[in-house]
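Chemist: Enclosed is the structure file protein-v7.txt (compact mmCIF, C-alpha atoms).
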# COMPACT_ATOMS: atom_id res chain seq x y z
CA MET A 106 30.04 284.62 -9.08
CA LEU A 107 31.96 281.54 -7.96
CA THR A 108 31.36 278.41 -10.03
CA ILE A 109 32.81 275.08 -8.90
CA SER A 110 32.71 272.48 -11.63
CA GLY A 111 33.65 268.83 -11.94
CA LEU A 112 35.87 267.66 -14.79
CA GLY A 113 34.51 264.13 -14.68
CA LEU A 114 35.96 260.81 -13.71
CA TYR A 115 38.96 260.23 -15.95
CA ASP A 116 39.97 262.73 -18.67
CA VAL A 117 38.79 265.66 -20.82
CA GLY A 118 36.32 263.39 -22.61
CA ASP A 119 34.28 263.44 -19.39
CA ILE A 120 34.00 267.25 -19.10
CA PRO A 121 30.32 268.34 -18.95
CA ARG A 122 29.05 270.69 -21.65
CA LYS A 123 27.89 273.05 -18.89
CA THR A 124 31.52 273.37 -17.77
CA ILE A 125 32.62 274.26 -21.29
CA ALA A 126 29.92 276.95 -21.43
CA ALA A 127 30.95 278.31 -18.01
CA ALA A 128 34.60 278.48 -19.09
CA GLY A 129 33.64 280.63 -22.05
CA LYS A 130 32.08 283.21 -19.71
CA ALA A 131 34.65 283.09 -16.89
CA ASP A 132 37.09 285.90 -16.16
CA LYS A 133 39.47 283.52 -14.37
CA ILE A 134 39.71 279.72 -14.29
CA TYR A 135 41.55 277.80 -11.58
CA TYR A 136 42.32 274.09 -11.94
CA GLU A 137 42.68 272.39 -8.53
CA THR A 138 44.89 269.29 -8.64
CA HIS A 139 45.08 268.16 -5.02
CA THR A 140 42.02 266.00 -4.41
CA ASN A 141 42.38 263.45 -7.19
CA LEU A 142 44.40 262.22 -10.15
CA TYR A 143 43.22 263.35 -13.59
CA HIS A 144 44.58 261.73 -16.73
CA SER A 145 44.64 264.79 -19.00
CA THR A 146 47.43 267.36 -18.92
CA ILE A 147 46.90 271.04 -18.25
CA ASN A 148 47.51 271.70 -21.95
CA GLU A 149 44.79 269.22 -22.93
CA ILE A 150 42.40 270.94 -20.53
CA ARG A 151 43.31 274.32 -22.02
CA GLU A 152 42.53 273.01 -25.50
CA ILE A 153 38.96 272.40 -24.33
CA LEU A 154 38.42 275.25 -21.86
CA GLY A 155 40.80 277.99 -22.98
CA GLU A 156 44.28 279.31 -22.26
CA LYS A 157 43.25 281.19 -19.11
CA VAL A 158 43.14 277.91 -17.08
CA GLU A 159 45.64 278.27 -14.19
CA GLU A 160 46.78 275.27 -12.13
CA VAL A 161 46.63 275.76 -8.36
CA GLY A 162 47.29 273.58 -5.32
CA ARG A 163 45.43 272.87 -2.12
CA ARG A 164 46.83 275.91 -0.32
CA PHE A 165 45.18 278.31 -2.77
CA LEU A 166 41.73 276.94 -1.97
CA GLU A 167 42.18 276.37 1.75
CA GLU A 168 44.59 279.02 3.01
CA ASP A 169 44.24 281.72 0.34
CA SER A 170 40.47 281.42 -0.11
CA LYS A 171 39.89 285.04 0.94
CA LYS A 172 41.64 286.14 -2.24
CA LEU A 173 39.32 283.89 -4.21
CA MET A 174 36.25 285.41 -2.51
CA LEU A 175 37.42 288.94 -3.25
CA GLU A 176 37.83 288.06 -6.93
CA ALA A 177 34.44 286.35 -7.07
CA LYS A 178 32.66 289.46 -5.75
CA THR A 179 33.44 291.37 -8.94
CA GLN A 180 34.35 288.67 -11.50
CA ASP A 181 33.14 285.31 -12.77
CA ILE A 182 35.51 282.76 -11.24
CA LEU A 183 35.52 279.10 -12.29
CA VAL A 184 37.21 276.44 -10.14
CA LEU A 185 37.79 273.09 -11.87
CA VAL A 186 37.92 269.86 -9.87
CA PRO A 187 38.61 266.28 -11.05
CA GLY A 188 35.57 264.07 -10.51
CA ASP A 189 32.56 265.70 -8.89
CA PRO A 190 33.16 269.02 -7.09
CA LEU A 191 31.28 268.13 -3.91
CA ALA A 192 32.95 264.77 -3.30
CA ALA A 193 35.64 266.54 -1.21
CA THR A 194 34.96 268.64 1.89
CA THR A 195 37.36 271.36 0.68
CA HIS A 196 34.89 272.49 -1.94
CA ILE A 197 31.86 272.33 0.34
CA GLU A 198 33.72 274.64 2.72
CA LEU A 199 34.41 277.00 -0.19
CA ILE A 200 30.69 277.24 -0.94
CA LEU A 201 29.90 277.96 2.71
CA GLU A 202 32.62 280.61 2.84
CA ALA A 203 31.28 282.19 -0.36
CA LYS A 204 27.75 282.38 1.01
CA ASN A 205 29.00 283.99 4.22
CA ALA A 206 30.91 286.52 2.09
CA GLY A 207 27.84 287.31 0.02
CA VAL A 208 29.25 285.69 -3.13
CA GLN A 209 26.82 283.96 -5.46
CA THR A 210 27.74 280.32 -6.13
CA GLN A 211 26.99 277.66 -8.71
CA VAL A 212 27.92 273.97 -8.84
CA ILE A 213 28.26 271.92 -12.02
CA HIS A 214 28.24 268.21 -11.23
CA ALA A 215 30.14 265.49 -13.07
CA SER A 216 30.86 261.76 -12.90
CA SER A 217 32.92 260.54 -9.94
CA ILE A 218 34.20 257.40 -8.27
CA PHE A 219 31.20 257.49 -5.91
CA THR A 220 28.92 256.43 -8.76
CA ALA A 221 31.42 254.63 -11.03
CA ILE A 222 31.85 251.87 -8.44
CA ALA A 223 28.44 250.57 -9.50
CA LYS A 224 30.35 249.00 -12.42
CA THR A 225 31.27 246.25 -9.95
CA GLY A 226 27.60 245.28 -9.78
CA LEU A 227 27.23 246.41 -6.17
CA GLN A 228 24.13 248.49 -5.55
CA LEU A 229 24.91 252.09 -4.65
CA TYR A 230 22.18 252.43 -2.05
CA LYS A 231 23.79 249.60 -0.07
CA PHE A 232 27.08 251.47 0.48
CA GLY A 233 27.73 252.84 3.94
CA LYS A 234 30.24 255.46 5.05
CA ALA A 235 33.28 255.74 2.76
CA THR A 236 36.74 255.86 4.32
CA THR A 237 40.29 256.76 3.24
CA LEU A 238 43.49 254.80 3.89
CA PRO A 239 46.52 257.04 4.50
CA PHE A 240 50.10 256.28 3.55
CA LYS A 241 52.04 254.77 6.41
CA THR A 242 54.47 257.16 8.04
CA GLU A 243 56.61 256.94 11.18
CA ALA A 244 53.48 257.84 13.12
CA LYS A 245 51.01 255.17 14.14
CA LEU A 246 48.40 254.31 11.52
CA PRO A 247 44.95 255.75 12.34
CA THR A 248 42.43 253.03 13.17
CA SER A 249 39.38 254.98 11.96
CA PRO A 250 39.31 253.31 8.48
CA TYR A 251 39.20 249.86 10.10
CA HIS A 252 36.35 250.85 12.40
CA ALA A 253 34.43 252.47 9.53
CA VAL A 254 34.53 249.17 7.63
CA LYS A 255 33.53 247.28 10.81
CA GLN A 256 30.54 249.56 11.36
CA ASN A 257 29.38 249.10 7.76
CA ARG A 258 29.88 245.32 7.89
CA ASP A 259 27.86 245.08 11.11
CA SER A 260 25.01 246.80 9.22
CA GLY A 261 25.43 244.62 6.13
CA LEU A 262 26.66 247.57 4.05
CA HIS A 263 29.43 247.80 1.45
CA THR A 264 32.43 250.10 2.06
CA LEU A 265 34.25 252.19 -0.52
CA ILE A 266 37.87 252.48 0.64
CA LEU A 267 39.61 255.42 -0.99
CA LEU A 268 43.40 255.36 -1.19
CA ASP A 269 45.73 258.18 -0.20
CA VAL A 270 46.73 260.83 -2.75
CA LYS A 271 49.85 263.01 -2.38
CA SER A 272 49.61 264.89 -5.66
CA ASP A 273 52.36 267.36 -4.76
CA GLU A 274 54.71 264.38 -4.30
CA GLN A 275 53.28 262.41 -7.24
CA ARG A 276 52.41 259.57 -4.86
CA TYR A 277 49.22 257.58 -5.27
CA MET A 278 48.53 254.57 -3.07
CA SER A 279 48.03 251.35 -5.03
CA ALA A 280 45.41 248.72 -4.29
CA ASN A 281 48.24 246.38 -3.23
CA GLN A 282 49.61 248.93 -0.75
CA GLY A 283 46.11 249.53 0.58
CA LEU A 284 45.55 245.83 1.20
CA GLU A 285 48.85 245.63 3.08
CA VAL A 286 47.75 248.54 5.28
CA LEU A 287 44.44 246.80 6.02
CA LEU A 288 46.24 243.58 7.01
CA GLU A 289 48.54 245.61 9.26
CA LEU A 290 45.53 247.22 10.92
CA GLU A 291 44.04 243.75 11.37
CA ASN A 292 47.19 242.59 13.17
CA GLU A 293 46.89 245.60 15.47
CA ILE A 294 43.13 245.51 16.17
CA GLY A 295 42.31 241.85 15.58
CA LEU A 296 38.54 241.79 15.07
CA GLY A 297 38.78 239.40 12.12
CA LEU A 298 37.79 241.77 9.30
CA PHE A 299 40.79 241.28 7.02
CA ARG A 300 42.35 237.86 6.56
CA ASN A 301 44.25 236.44 3.61
CA ASP A 302 41.07 234.68 2.45
CA THR A 303 38.77 237.72 2.90
CA LEU A 304 36.90 238.53 -0.32
CA MET A 305 37.29 242.09 -1.58
CA ALA A 306 37.07 244.04 -4.82
CA ALA A 307 39.83 246.25 -6.24
CA CYS A 308 39.38 248.71 -9.10
CA ALA A 309 41.88 250.67 -11.18
CA ARG A 310 41.21 253.61 -13.51
CA LEU A 311 37.43 253.25 -13.59
CA GLY A 312 36.07 255.02 -16.65
CA ALA A 313 39.25 254.46 -18.68
CA PRO A 314 39.54 252.14 -21.70
CA ASP A 315 41.96 249.96 -19.72
CA GLU A 316 40.04 249.91 -16.43
CA ILE A 317 40.57 246.90 -14.18
CA ILE A 318 38.07 245.35 -11.76
CA LYS A 319 39.07 242.29 -9.74
CA PHE A 320 37.18 240.36 -7.06
CA GLY A 321 38.77 237.69 -4.91
CA GLU A 322 40.71 236.80 -1.80
CA ILE A 323 43.12 239.40 -0.46
CA GLN A 324 46.07 237.02 -0.93
CA LYS A 325 45.28 236.77 -4.65
CA LEU A 326 44.58 240.48 -5.12
CA LEU A 327 47.98 241.22 -3.57
CA LYS A 328 49.62 239.36 -6.46
CA THR A 329 47.70 241.31 -9.13
CA ASP A 330 49.34 244.09 -11.12
CA PHE A 331 46.76 246.91 -11.27
CA ALA A 332 49.17 249.18 -13.19
CA SER A 333 48.80 252.97 -13.03
CA PRO A 334 46.56 254.83 -10.54
CA PRO A 335 44.02 255.77 -9.34
CA HIS A 336 42.93 252.64 -7.47
CA VAL A 337 40.17 251.97 -4.92
CA LEU A 338 39.18 249.04 -2.74
CA ILE A 339 35.71 247.81 -1.82
CA MET A 340 34.74 245.63 1.12
CA PRO A 341 31.39 244.04 0.23
CA GLY A 342 28.66 243.79 2.83
CA ASP A 343 25.71 241.41 2.64
CA LEU A 344 25.26 240.46 -1.02
CA HIS A 345 22.03 240.16 -2.98
CA PHE A 346 22.30 237.16 -5.32
CA LYS A 347 22.46 239.54 -8.31
CA GLU A 348 25.35 241.43 -6.71
CA GLU A 349 27.14 238.16 -6.08
CA GLU A 350 26.58 237.13 -9.70
CA ALA A 351 27.96 240.47 -10.93
CA LEU A 352 31.04 240.33 -8.68
CA ASN A 353 31.86 236.78 -9.73
CA GLN A 354 32.36 237.90 -13.31
CA TYR A 355 35.42 239.77 -12.01
CA ALA A 356 36.76 236.84 -9.99
If you convert what's in this file into structure tokens, what do you get?
Modeler:
Amino acid sequence: MLTISGLGLYDVGDIPRKTIAAAGKADKIYYETHTNLYHSTINEIREILGEKVEEVGRRFLEEDSKKLMLEAKTQDILVLVPGDPLAATTHIELILEAKNAGVQTQVIHASSIFTAIAKTGLQLYKFGKATTLPFKTEAKLPTSPYHAVKQNRDSGLHTLILLDVKSDEQRYMSANQGLEVLLELENEIGLGLFRNDTLMAACARLGAPDEIIKFGEIQKLLKTDFASPPHVLIMPGDLHFKEEEALNQYA
């Protein structure tokens, strides 16, 4: 049996009771750290789920997945993922691979950024395709995030803009860095999506006691200290008056 379980949005206080029960029955427990930032240490997770929790990286799930399938054919294997386990394509591919290998699977869902963004007051059913901004390298920035936002805006939909995570390098893109990337893409493409006076929302550490939500012009958000990660950006689409009222409380 292969069980893939979410750890919840922020820290061990968000771990579902079903995950705790699954950990008690598991022969092996792998904690995957690549897809998101989690604010509890491996020792804190072990206090809740047991000493057998082993931290693994992206390669174990993507390149060494055959080993995982072999183990899951004869043992109960639990894979732990920050947030919700099916928010990243890596884990969907694991489930498909398990089914092709004849391995029984189970998913335990948990809170994630994809629902927590409703704290802004924006209605979830009005979000379009989410997109991710990568860190700038020597290579040319991909334009796909810009066009994803444009497509959503043309349909009146909101856009959740996820920010790059390099967990192995301990690098997490800030909201400020993300806004700078968007302005750079605007200079390159020039369709008028992102100007200094464009209204956007920026969120930091949603679900934490010190979470931050700000709504305002890009030029003002750039001057805001959002402190520690993770951060996300939101480009609003057409606003219902209640959404506008909710956003303005964060102005």
Chemist: Give as a compact mmCIF listing (two decimals) with C-alpha atoms, in the frame of the given file every residue, naming chains and numbers as the document does, that has an atom within 9 Å of (37.8, 255.1, 6.1), counting only C-alpha atoms.
Modeler:
# COMPACT_ATOMS: atom_id res chain seq x y z
CA LYS A 234 30.24 255.46 5.05
CA ALA A 235 33.28 255.74 2.76
CA THR A 236 36.74 255.86 4.32
CA THR A 237 40.29 256.76 3.24
CA LEU A 238 43.49 254.80 3.89
CA THR A 248 42.43 253.03 13.17
CA SER A 249 39.38 254.98 11.96
CA PRO A 250 39.31 253.31 8.48
CA TYR A 251 39.20 249.86 10.10
CA HIS A 252 36.35 250.85 12.40
CA ALA A 253 34.43 252.47 9.53
CA VAL A 254 34.53 249.17 7.63
CA THR A 264 32.43 250.10 2.06
CA LEU A 265 34.25 252.19 -0.52
CA ILE A 266 37.87 252.48 0.64
CA LEU A 267 39.61 255.42 -0.99
Chemist: If we count all atoms listed in the file, what is near Val337 of chain A at a cut-off of 12 Å, once residues fewer than 6 positions away on the same chain are taken out, given as a ChimeraX atom specification?
Modeler: /A:141,218-219,221-222,225,235-238,264-270,277-284,305-311,316-319,331
Chemist: Skipping near chain neighbours, those fewer than 6 positions away, what residues fall within 12 Å of Arg151 of chain A using only C-alpha atoms, listed as a list in words?
Modeler: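 Surrounding residues, per the criterion: Val117, Ile125, Ala128, Gly129, Ile134, Tyr135, Tyr136, Ser145, Lys157, Val158, Glu159, Glu160 and Leu185 of chain A.
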Chemist: Keeping C-alpha atoms, export the residues of the selection given above as a PDB file, keeping the file's coordinate frame.
Modeler:
ATOM      1  CA  VAL A 117      38.790 265.660 -20.820  1.00  0.00           C
ATOM      2  CA  ILE A 125      32.620 274.260 -21.290  1.00  0.00           C
ATOM      3  CA  ALA A 128      34.600 278.480 -19.090  1.00  0.00           C
ATOM      4  CA  GLY A 129      33.640 280.630 -22.050  1.00  0.00           C
ATOM      5  CA  ILE A 134      39.710 279.720 -14.290  1.00  0.00           C
ATOM      6  CA  TYR A 135      41.550 277.800 -11.580  1.00  0.00           C
ATOM      7  CA  TYR A 136      42.320 274.090 -11.940  1.00  0.00           C
ATOM      8  CA  SER A 145      44.640 264.790 -19.000  1.00  0.00           C
ATOM      9  CA  LYS A 157      43.250 281.190 -19.110  1.00  0.00           C
ATOM     10  CA  VAL A 158      43.140 277.910 -17.080  1.00  0.00           C
ATOM     11  CA  GLU A 159      45.640 278.270 -14.190  1.00  0.00           C
ATOM     12  CA  GLU A 160      46.780 275.270 -12.130  1.00  0.00           C
ATOM     13  CA  LEU A 185      37.790 273.090 -11.870  1.00  0.00           C
TER      14      LEU A 185
END
Chemist: Set out as a tab-separated table a contact list for segment 223-275 of chain A and segment 344-350 of chain A with a cut-off of 12 Å, giving each residue of segment 223-275 of chain A that qualifies its closest atom pair and distance in Å to one decimal, counting all atoms listed in the file, ordered by chain and rising residue number.
Modeler:
residue	atom	partner	partner_atom	distance
A:Ala223	CA	A:Glu348	CA	10.0
A:Lys224	CA	A:Glu348	CA	10.7
A:Thr225	CA	A:Glu348	CA	8.3
A:Gly226	CA	A:Glu348	CA	5.4
A:Leu227	CA	A:Glu348	CA	5.4
A:Gln228	CA	A:Glu348	CA	7.3
A:Leu229	CA	A:Glu348	CA	10.9
A:Lys231	CA	A:Leu344	CA	9.3
A:Phe232	CA	A:Leu344	CA	11.3
A:Arg258	CA	A:Leu344	CA	11.2
A:Gly261	CA	A:Leu344	CA	8.3
A:Leu262	CA	A:Leu344	CA	8.8
A:His263	CA	A:Leu344	CA	8.8
Chemist: Could you tell me which of A:Glu137, A:Asp315, A:Glu198, A:Glu322 comes closest to Pro334 of chain A if we count all atoms listed in the file?
Modeler: A:Asp315
Chemist: Enclose segment 332-343 of chain A, meaning all of its atoms listed in the file, in a box aligned along x, y and z, pad it by 6 Å on each side, and list the centre and edge lengths in Å to one decimal, as lines of an AutoDock Vina configuration file.
Modeler:
center_x = 37.4
center_y = 248.6
center_z = -5.2
size_x = 35.5
size_y = 26.4
size_z = 28.0
